[in-house]
Amino acid sequence: MTGYLIRRTGQAIVVVFGVMVLTFVLIHLVPGSAARATLGTRATAERIAVFNAANGLDRPLAAQFVTFVKQAAQGDFGTSYSLHQPVSTLIAQRLPRDAVLLGLSTLLALAVALPLGIFQAVRRGRVADHVFTVVSFVLYSMPDFFFALLLVAVFSVQFHLLPPQAPQAESVGGILADPRALVLPVVTLTLVSVAGFSRYMRSSAINTLAQEYVQVARSKGLPERLVLRRHVLRNSLLPVITVLGLAAPSIVAGAVIAESVFNYPGMGLLFYQAATSKDYPILLGSTLVVGVATVIGSLLADIAYSLLDPRIRYVDA
C-alpha cells in the first residue's frame with residue numbers, strides 16, 4: 001500500500017504540473033490584454049506599459065511560467081490585478097464558504113441519489129423507473145444557469161417564498177445563520193448532481209442485483225431491506241465513489257454558475273469575475289486549487305475502494 005501511495009503521489013505531481021502548464025498557456029492565448037481589461041479601454045500606452053512591467057507581463061511567456069511555478073510552490077499565487085490583494089488570501093477567505101455550499105449540496109445529492117438509484121434498480125423497467133429516468137435526464141441536460149434562473153423566477157419572483165440572493169456574510173457562521181437564502185443555490189447544485197449520481201448508482205445496483213451472493217442471501221430468507229442494505233448498497237458504491245472522486249471539476253463548474261446567479265461570495269463568483277476582467281493570478285490560482293482537489297479526490301476514491309471491498313488490495317511493487 002505504501003508503494004502504491006508513493007507512485008500515486010508522483011503521478012499526482014505530474015498531473016498537477018500538466019494542469020498548470022495547460023491552464024497557463026490557454027489563459028494567455030485568450031484574445032485581449034489583461035492590462036486593457038484592468039485599466040479600461042481609455043488607458044494610454046504608457047499606463048499599459050507600466051502595468052505590464054509591474055506585473056511581469058512584458059517578459060517572455062516561459063519566464064512568466066517559471067516565476068509562477070516557483071511562487072506557487074511556496075503557496076504564493078501572486079496579487080490580483082483588480083482587487084489588489086494576494087490571491088492566496090482571497091482563496092483562503094472563500095474556500096470555507098465554498099465548503100459550506102458544495103458540502104451541503106453534495107451530501108444532500110448523495111442522500112437522495114443513492115436510495116433513488118437502488119429504488120430504480122429494484123423496479124427496473126417499471127413505470128417508476130421510467131419516470132425517474134426521464135426526470136434525471138432532464139435535470140442532467142438542463143444548463144445550470146437556466147435551472148438557477150428558473151428557481152429564482154418561480155420561488156422568488158412568482159411566489160416570494162425564498163430570497164433570490166445567497167447569504168452575503170463573510171463568515172461561515174454568518175452564512176449558516178441565513179438558511180433561507182442558502183436554499184436556492186444548494187438546491188440548484190443538488191438536483192444537477194442527483195441526476196448524475198443516481199444514474200451511476202442505478203447501473204451499479206442492477207449489476208449487483210444479478211450477482212450470485214445476492215441470490216443466495218434471498219434464498220436464505222434474508223429480508224429484502226437487509227439484502228439491499230448489506231449487499232446491494234455497499235457493493236454498488238464503488239463506481240459512485242469513482243465518480244465522486246473525479247467530480248470536483250464539474251461540481252466547481254456548477255458552483256461558478258450558481259454563485260454568479262445567486263451572488264454567493266465564494267470561489268465560483270471570484271473565478272467568474274476574474275474571467276471577465278482577465279485577472280490572470282486569480283484564474284491560475286483557482287484552477288490549480290481545483291486541479292489539486294481533483295487529484296486528491298481520485299486518490300481518496302482509490303483508498304476507499306479497498307475499504308469497501310476487501311478483495312481489492314494495492315500491494316507494493
# chains A, B, ... in the order shown; residues from 1 in each chain; ligands from 1
call {"tool": "residues_around", "arguments": {"residues": "segment 279-281 of chain A", "least_positions_apart": "4", "cutoff": "7 Å", "atoms": "only C-alpha atoms", "output": "PyMOL selection string"}}
result
chain A and resi 34+77-82+87+274-275+285
call {"tool": "write_last_selection", "arguments": {"atoms": "all heavy atoms", "output": "compact mmCIF listing (two decimals), in the first residue's frame"}}
result
# COMPACT_ATOMS: atom_id res chain seq x y z
N ALA A 34 -4.71 41.77 -20.56
CA ALA A 34 -5.05 41.91 -19.14
C ALA A 34 -4.95 43.36 -18.69
O ALA A 34 -5.76 43.84 -17.90
CB ALA A 34 -4.13 41.02 -18.30
N PHE A 77 0.33 32.78 -5.08
CA PHE A 77 -0.23 32.81 -6.42
C PHE A 77 -0.21 34.21 -7.03
O PHE A 77 -0.88 34.45 -8.03
CB PHE A 77 -1.66 32.29 -6.39
CG PHE A 77 -1.77 30.87 -5.88
CD1 PHE A 77 -2.62 30.57 -4.84
CD2 PHE A 77 -1.02 29.86 -6.43
CE1 PHE A 77 -2.73 29.27 -4.36
CE2 PHE A 77 -1.11 28.56 -5.97
CZ PHE A 77 -1.96 28.27 -4.93
N GLY A 78 0.53 35.11 -6.42
CA GLY A 78 0.60 36.46 -6.94
C GLY A 78 -0.47 37.36 -6.34
O GLY A 78 -1.18 37.00 -5.40
N THR A 79 -0.60 38.55 -6.92
CA THR A 79 -1.54 39.56 -6.46
C THR A 79 -2.58 39.83 -7.53
O THR A 79 -2.25 39.95 -8.71
CB THR A 79 -0.81 40.87 -6.11
OG1 THR A 79 0.18 40.60 -5.12
CG2 THR A 79 -1.79 41.90 -5.57
N SER A 80 -3.82 39.91 -7.12
CA SER A 80 -4.91 40.17 -8.06
C SER A 80 -4.73 41.52 -8.73
O SER A 80 -4.44 42.52 -8.07
CB SER A 80 -6.24 40.12 -7.31
OG SER A 80 -7.29 40.62 -8.11
N TYR A 81 -4.93 41.55 -10.05
CA TYR A 81 -4.81 42.80 -10.78
C TYR A 81 -5.91 43.78 -10.39
O TYR A 81 -5.68 45.00 -10.29
CB TYR A 81 -4.89 42.55 -12.29
CG TYR A 81 -3.80 41.69 -12.85
CD1 TYR A 81 -3.99 41.01 -14.06
CD2 TYR A 81 -2.58 41.54 -12.20
CE1 TYR A 81 -2.99 40.21 -14.60
CE2 TYR A 81 -1.58 40.75 -12.73
CZ TYR A 81 -1.80 40.07 -13.93
OH TYR A 81 -0.80 39.28 -14.46
N SER A 82 -7.11 43.28 -10.21
CA SER A 82 -8.26 44.15 -9.98
C SER A 82 -8.55 44.41 -8.51
O SER A 82 -8.98 45.50 -8.13
CB SER A 82 -9.51 43.56 -10.65
OG SER A 82 -9.74 42.23 -10.18
N VAL A 87 -3.66 36.60 -4.00
CA VAL A 87 -4.64 35.60 -4.44
C VAL A 87 -4.81 34.50 -3.40
O VAL A 87 -5.91 34.00 -3.18
CB VAL A 87 -4.22 35.01 -5.79
CG1 VAL A 87 -5.14 33.87 -6.21
CG2 VAL A 87 -4.21 36.09 -6.86
N ALA A 274 -12.99 37.17 -12.22
CA ALA A 274 -11.62 37.20 -12.74
C ALA A 274 -11.60 36.89 -14.23
O ALA A 274 -10.80 37.46 -14.98
CB ALA A 274 -10.76 36.20 -11.98
N ALA A 275 -12.47 35.99 -14.67
CA ALA A 275 -12.51 35.64 -16.09
C ALA A 275 -12.96 36.82 -16.93
O ALA A 275 -12.47 37.03 -18.05
CB ALA A 275 -13.44 34.45 -16.30
N GLY A 285 -4.51 30.61 -9.93
CA GLY A 285 -4.56 30.09 -8.57
C GLY A 285 -5.80 29.24 -8.33
O GLY A 285 -5.72 28.15 -7.74
call {"tool": "residues_around", "arguments": {"residues": "Gln211 of chain A", "least_positions_apart": "4", "cutoff": "10 Å", "atoms": "only C-alpha atoms", "output": "list of chain:residue names"}}
result
A:Ile206, A:Asn207, A:Gln215, A:Val216, A:His231, A:Val232
call {"tool": "write_last_selection", "arguments": {"atoms": "all heavy atoms", "output": "PDB file, in the first residue's frame"}}
result
ATOM      1  N   ILE A 206     -28.041  -2.488 -10.517  1.00  0.00           N
ATOM      2  CA  ILE A 206     -28.574  -3.523 -11.421  1.00  0.00           C
ATOM      3  C   ILE A 206     -27.562  -4.648 -11.590  1.00  0.00           C
ATOM      4  O   ILE A 206     -27.905  -5.838 -11.550  1.00  0.00           O
ATOM      5  CB  ILE A 206     -28.940  -2.906 -12.785  1.00  0.00           C
ATOM      6  CG1 ILE A 206     -30.186  -2.030 -12.645  1.00  0.00           C
ATOM      7  CG2 ILE A 206     -29.185  -3.993 -13.822  1.00  0.00           C
ATOM      8  CD1 ILE A 206     -30.545  -1.272 -13.908  1.00  0.00           C
ATOM      9  N   ASN A 207     -26.297  -4.281 -11.748  1.00  0.00           N
ATOM     10  CA  ASN A 207     -25.253  -5.290 -11.884  1.00  0.00           C
ATOM     11  C   ASN A 207     -25.087  -6.090 -10.591  1.00  0.00           C
ATOM     12  O   ASN A 207     -24.899  -7.314 -10.622  1.00  0.00           O
ATOM     13  CB  ASN A 207     -23.938  -4.616 -12.256  1.00  0.00           C
ATOM     14  CG  ASN A 207     -22.804  -5.610 -12.429  1.00  0.00           C
ATOM     15  OD1 ASN A 207     -22.822  -6.451 -13.319  1.00  0.00           O
ATOM     16  ND2 ASN A 207     -21.804  -5.518 -11.558  1.00  0.00           N
ATOM     17  N   GLN A 215     -28.486 -13.490  -4.729  1.00  0.00           N
ATOM     18  CA  GLN A 215     -29.483 -14.549  -4.874  1.00  0.00           C
ATOM     19  C   GLN A 215     -29.425 -15.525  -3.701  1.00  0.00           C
ATOM     20  O   GLN A 215     -30.464 -15.994  -3.210  1.00  0.00           O
ATOM     21  CB  GLN A 215     -29.248 -15.307  -6.194  1.00  0.00           C
ATOM     22  CG  GLN A 215     -29.200 -14.415  -7.427  1.00  0.00           C
ATOM     23  CD  GLN A 215     -30.466 -13.590  -7.617  1.00  0.00           C
ATOM     24  OE1 GLN A 215     -31.559 -14.060  -7.319  1.00  0.00           O
ATOM     25  NE2 GLN A 215     -30.298 -12.360  -8.109  1.00  0.00           N
ATOM     26  N   VAL A 216     -28.204 -15.837  -3.242  1.00  0.00           N
ATOM     27  CA  VAL A 216     -28.050 -16.729  -2.095  1.00  0.00           C
ATOM     28  C   VAL A 216     -28.657 -16.100  -0.846  1.00  0.00           C
ATOM     29  O   VAL A 216     -29.340 -16.782  -0.056  1.00  0.00           O
ATOM     30  CB  VAL A 216     -26.565 -17.064  -1.861  1.00  0.00           C
ATOM     31  CG1 VAL A 216     -26.379 -17.815  -0.545  1.00  0.00           C
ATOM     32  CG2 VAL A 216     -26.015 -17.886  -3.023  1.00  0.00           C
ATOM     33  N   HIS A 231     -25.847  -5.939   1.179  1.00  0.00           N
ATOM     34  CA  HIS A 231     -25.174  -6.485  -0.001  1.00  0.00           C
ATOM     35  C   HIS A 231     -25.210  -5.545  -1.202  1.00  0.00           C
ATOM     36  O   HIS A 231     -24.175  -5.307  -1.828  1.00  0.00           O
ATOM     37  CB  HIS A 231     -25.803  -7.833  -0.382  1.00  0.00           C
ATOM     38  CG  HIS A 231     -25.688  -8.873   0.694  1.00  0.00           C
ATOM     39  ND1 HIS A 231     -24.515  -9.542   0.945  1.00  0.00           N
ATOM     40  CD2 HIS A 231     -26.593  -9.343   1.593  1.00  0.00           C
ATOM     41  CE1 HIS A 231     -24.697 -10.398   1.935  1.00  0.00           C
ATOM     42  NE2 HIS A 231     -25.953 -10.302   2.347  1.00  0.00           N
ATOM     43  N   VAL A 232     -26.385  -5.020  -1.525  1.00  0.00           N
ATOM     44  CA  VAL A 232     -26.516  -4.220  -2.744  1.00  0.00           C
ATOM     45  C   VAL A 232     -25.907  -2.837  -2.573  1.00  0.00           C
ATOM     46  O   VAL A 232     -25.110  -2.390  -3.410  1.00  0.00           O
ATOM     47  CB  VAL A 232     -28.000  -4.116  -3.157  1.00  0.00           C
ATOM     48  CG1 VAL A 232     -28.138  -3.230  -4.391  1.00  0.00           C
ATOM     49  CG2 VAL A 232     -28.572  -5.494  -3.422  1.00  0.00           C
TER      50      VAL A 232
END
call {"tool": "residues_around", "arguments": {"residues": "Ser136 of chain A", "least_positions_apart": "6", "cutoff": "8 Å", "atoms": "only C-alpha atoms", "output": "PDB file with C-alpha atoms, in the first residue's frame"}}
result
ATOM      1  CA  VAL A 194     -28.511  13.957  -8.158  1.00  0.00           C
ATOM      2  CA  ALA A 195     -29.186  13.304 -11.824  1.00  0.00           C
ATOM      3  CA  GLY A 196     -25.652  12.062 -12.477  1.00  0.00           C
ATOM      4  CA  SER A 198     -28.460   8.360  -9.417  1.00  0.00           C
ATOM      5  CA  ARG A 199     -27.769   7.089 -12.942  1.00  0.00           C
TER       6      ARG A 199
END
call {"tool": "residues_around", "arguments": {"residues": "Arg229 of chain A", "least_positions_apart": "5", "cutoff": "10 Å", "atoms": "only C-alpha atoms", "output": "VMD selection string"}}
result
chain A and resid 115 118 224 234 to 235
call {"tool": "select_by_dssp", "arguments": {"residues": "segment 13-259 of chain A", "states": "helix (DSSP H, G or I)", "output": "PyMOL selection string"}}
result
chain A and resi 13-29+34-39+45-54+61-73+87-122+127-141+144-158+172-176+179-209+212-219+224-245+248-259
call {"tool": "residues_around", "arguments": {"residues": "Leu270 of chain A", "least_positions_apart": "4", "cutoff": "10 Å", "atoms": "only C-alpha atoms", "output": "count of residues only"}}
result
14
call {"tool": "atom_distance", "arguments": {"atom1": "atom CA of Phe271 of chain A", "atom2": "atom CA of Ile296 of chain A"}}
result
21.0 Å
call {"tool": "closest_residue", "arguments": {"among": "A:Phe262, A:Ala109, A:Thr208, A:Ile257", "to": "Leu162 of chain A", "atoms": "only C-alpha atoms"}}
result
A:Phe262
call {"tool": "residues_around", "arguments": {"residues": "Phe119 of chain A", "least_positions_apart": "4", "cutoff": "10 Å", "atoms": "only C-alpha atoms", "output": "PyMOL selection string"}}
result
chain A and resi 113-115+123-124+128-129+132+198+201-202+205+228
call {"tool": "residues_around", "arguments": {"residues": "segment 151-161 of chain A", "least_positions_apart": "2", "cutoff": "10 Å", "atoms": "only C-alpha atoms", "output": "PDB file with N, CA, C and O atoms, in the first residue's frame"}}
result
ATOM      1  N   PHE A 145     -27.212  27.447 -15.401  1.00  0.00           N
ATOM      2  CA  PHE A 145     -27.682  28.818 -15.257  1.00  0.00           C
ATOM      3  C   PHE A 145     -29.189  28.914 -15.509  1.00  0.00           C
ATOM      4  O   PHE A 145     -29.898  29.672 -14.835  1.00  0.00           O
ATOM      5  N   PHE A 146     -29.693  28.108 -16.470  1.00  0.00           N
ATOM      6  CA  PHE A 146     -31.133  28.140 -16.752  1.00  0.00           C
ATOM      7  C   PHE A 146     -31.927  27.590 -15.579  1.00  0.00           C
ATOM      8  O   PHE A 146     -32.973  28.136 -15.200  1.00  0.00           O
ATOM      9  N   PHE A 147     -31.427  26.508 -14.984  1.00  0.00           N
ATOM     10  CA  PHE A 147     -32.100  25.908 -13.842  1.00  0.00           C
ATOM     11  C   PHE A 147     -32.112  26.882 -12.662  1.00  0.00           C
ATOM     12  O   PHE A 147     -33.123  27.020 -11.965  1.00  0.00           O
ATOM     13  N   ALA A 148     -30.993  27.560 -12.432  1.00  0.00           N
ATOM     14  CA  ALA A 148     -30.918  28.529 -11.338  1.00  0.00           C
ATOM     15  C   ALA A 148     -31.891  29.688 -11.563  1.00  0.00           C
ATOM     16  O   ALA A 148     -32.609  30.103 -10.646  1.00  0.00           O
ATOM     17  N   LEU A 149     -31.917  30.206 -12.778  1.00  0.00           N
ATOM     18  CA  LEU A 149     -32.838  31.310 -13.084  1.00  0.00           C
ATOM     19  C   LEU A 149     -34.292  30.858 -12.985  1.00  0.00           C
ATOM     20  O   LEU A 149     -35.164  31.631 -12.568  1.00  0.00           O
ATOM     21  N   PRO A 163     -35.515  34.184  -0.835  1.00  0.00           N
ATOM     22  CA  PRO A 163     -34.768  35.323  -1.387  1.00  0.00           C
ATOM     23  C   PRO A 163     -33.991  34.918  -2.627  1.00  0.00           C
ATOM     24  O   PRO A 163     -33.478  33.795  -2.705  1.00  0.00           O
ATOM     25  N   PRO A 164     -33.885  35.800  -3.605  1.00  0.00           N
ATOM     26  CA  PRO A 164     -33.163  35.470  -4.847  1.00  0.00           C
ATOM     27  C   PRO A 164     -31.651  35.543  -4.700  1.00  0.00           C
ATOM     28  O   PRO A 164     -30.919  35.107  -5.593  1.00  0.00           O
ATOM     29  N   GLN A 165     -31.186  36.102  -3.599  1.00  0.00           N
ATOM     30  CA  GLN A 165     -29.752  36.281  -3.393  1.00  0.00           C
ATOM     31  C   GLN A 165     -29.267  35.407  -2.246  1.00  0.00           C
ATOM     32  O   GLN A 165     -29.946  35.249  -1.240  1.00  0.00           O
ATOM     33  N   ARG A 180     -32.516  30.370   4.795  1.00  0.00           N
ATOM     34  CA  ARG A 180     -33.466  30.563   3.705  1.00  0.00           C
ATOM     35  C   ARG A 180     -32.755  31.031   2.439  1.00  0.00           C
ATOM     36  O   ARG A 180     -33.120  30.623   1.316  1.00  0.00           O
ATOM     37  N   LEU A 184     -31.918  28.081  -2.388  1.00  0.00           N
ATOM     38  CA  LEU A 184     -31.901  28.036  -3.857  1.00  0.00           C
ATOM     39  C   LEU A 184     -30.536  27.639  -4.431  1.00  0.00           C
ATOM     40  O   LEU A 184     -30.478  26.768  -5.316  1.00  0.00           O
ATOM     41  N   PRO A 185     -29.421  28.229  -3.977  1.00  0.00           N
ATOM     42  CA  PRO A 185     -28.140  27.761  -4.531  1.00  0.00           C
ATOM     43  C   PRO A 185     -27.834  26.311  -4.190  1.00  0.00           C
ATOM     44  O   PRO A 185     -27.293  25.578  -5.029  1.00  0.00           O
ATOM     45  N   VAL A 187     -30.079  23.886  -3.631  1.00  0.00           N
ATOM     46  CA  VAL A 187     -30.983  23.052  -4.422  1.00  0.00           C
ATOM     47  C   VAL A 187     -30.522  22.983  -5.877  1.00  0.00           C
ATOM     48  O   VAL A 187     -30.589  21.919  -6.515  1.00  0.00           O
ATOM     49  N   THR A 188     -30.045  24.095  -6.407  1.00  0.00           N
ATOM     50  CA  THR A 188     -29.555  24.104  -7.794  1.00  0.00           C
ATOM     51  C   THR A 188     -28.441  23.085  -7.992  1.00  0.00           C
ATOM     52  O   THR A 188     -28.484  22.251  -8.905  1.00  0.00           O
ATOM     53  N   VAL A 261     -25.145  33.505 -10.397  1.00  0.00           N
ATOM     54  CA  VAL A 261     -26.571  33.827 -10.449  1.00  0.00           C
ATOM     55  C   VAL A 261     -27.068  34.325  -9.102  1.00  0.00           C
ATOM     56  O   VAL A 261     -27.809  35.315  -9.017  1.00  0.00           O
ATOM     57  N   PHE A 262     -26.659  33.646  -8.024  1.00  0.00           N
ATOM     58  CA  PHE A 262     -27.164  33.992  -6.689  1.00  0.00           C
ATOM     59  C   PHE A 262     -26.243  34.941  -5.931  1.00  0.00           C
ATOM     60  O   PHE A 262     -26.497  35.236  -4.761  1.00  0.00           O
TER      61      PHE A 262
END
call {"tool": "closest_residue", "arguments": {"among": "A:Gln120, A:Val50, A:Leu182, A:Gln273", "to": "Leu209 of chain A", "atoms": "only C-alpha atoms"}}
result
A:Gln120
call {"tool": "atom_distance", "arguments": {"atom1": "atom CA of Ile303 of chain A", "atom2": "atom CA of Ala12 of chain A"}}
result
14.5 Å
call {"tool": "atom_distance", "arguments": {"atom1": "atom CA of Tyr272 of chain A", "atom2": "atom CA of Val252 of chain A"}}
result
11.5 Å
call {"tool": "closest_residue", "arguments": {"among": "A:Ser203, A:Ser105, A:Thr133, A:Gln11", "to": "Leu238 of chain A", "atoms": "only C-alpha atoms"}}
result
A:Ser203
call {"tool": "closest_residue", "arguments": {"among": "A:Val69, A:Leu108, A:Leu29, A:Ala35", "to": "Asn52 of chain A", "atoms": "only C-alpha atoms"}}
result
A:Ala35
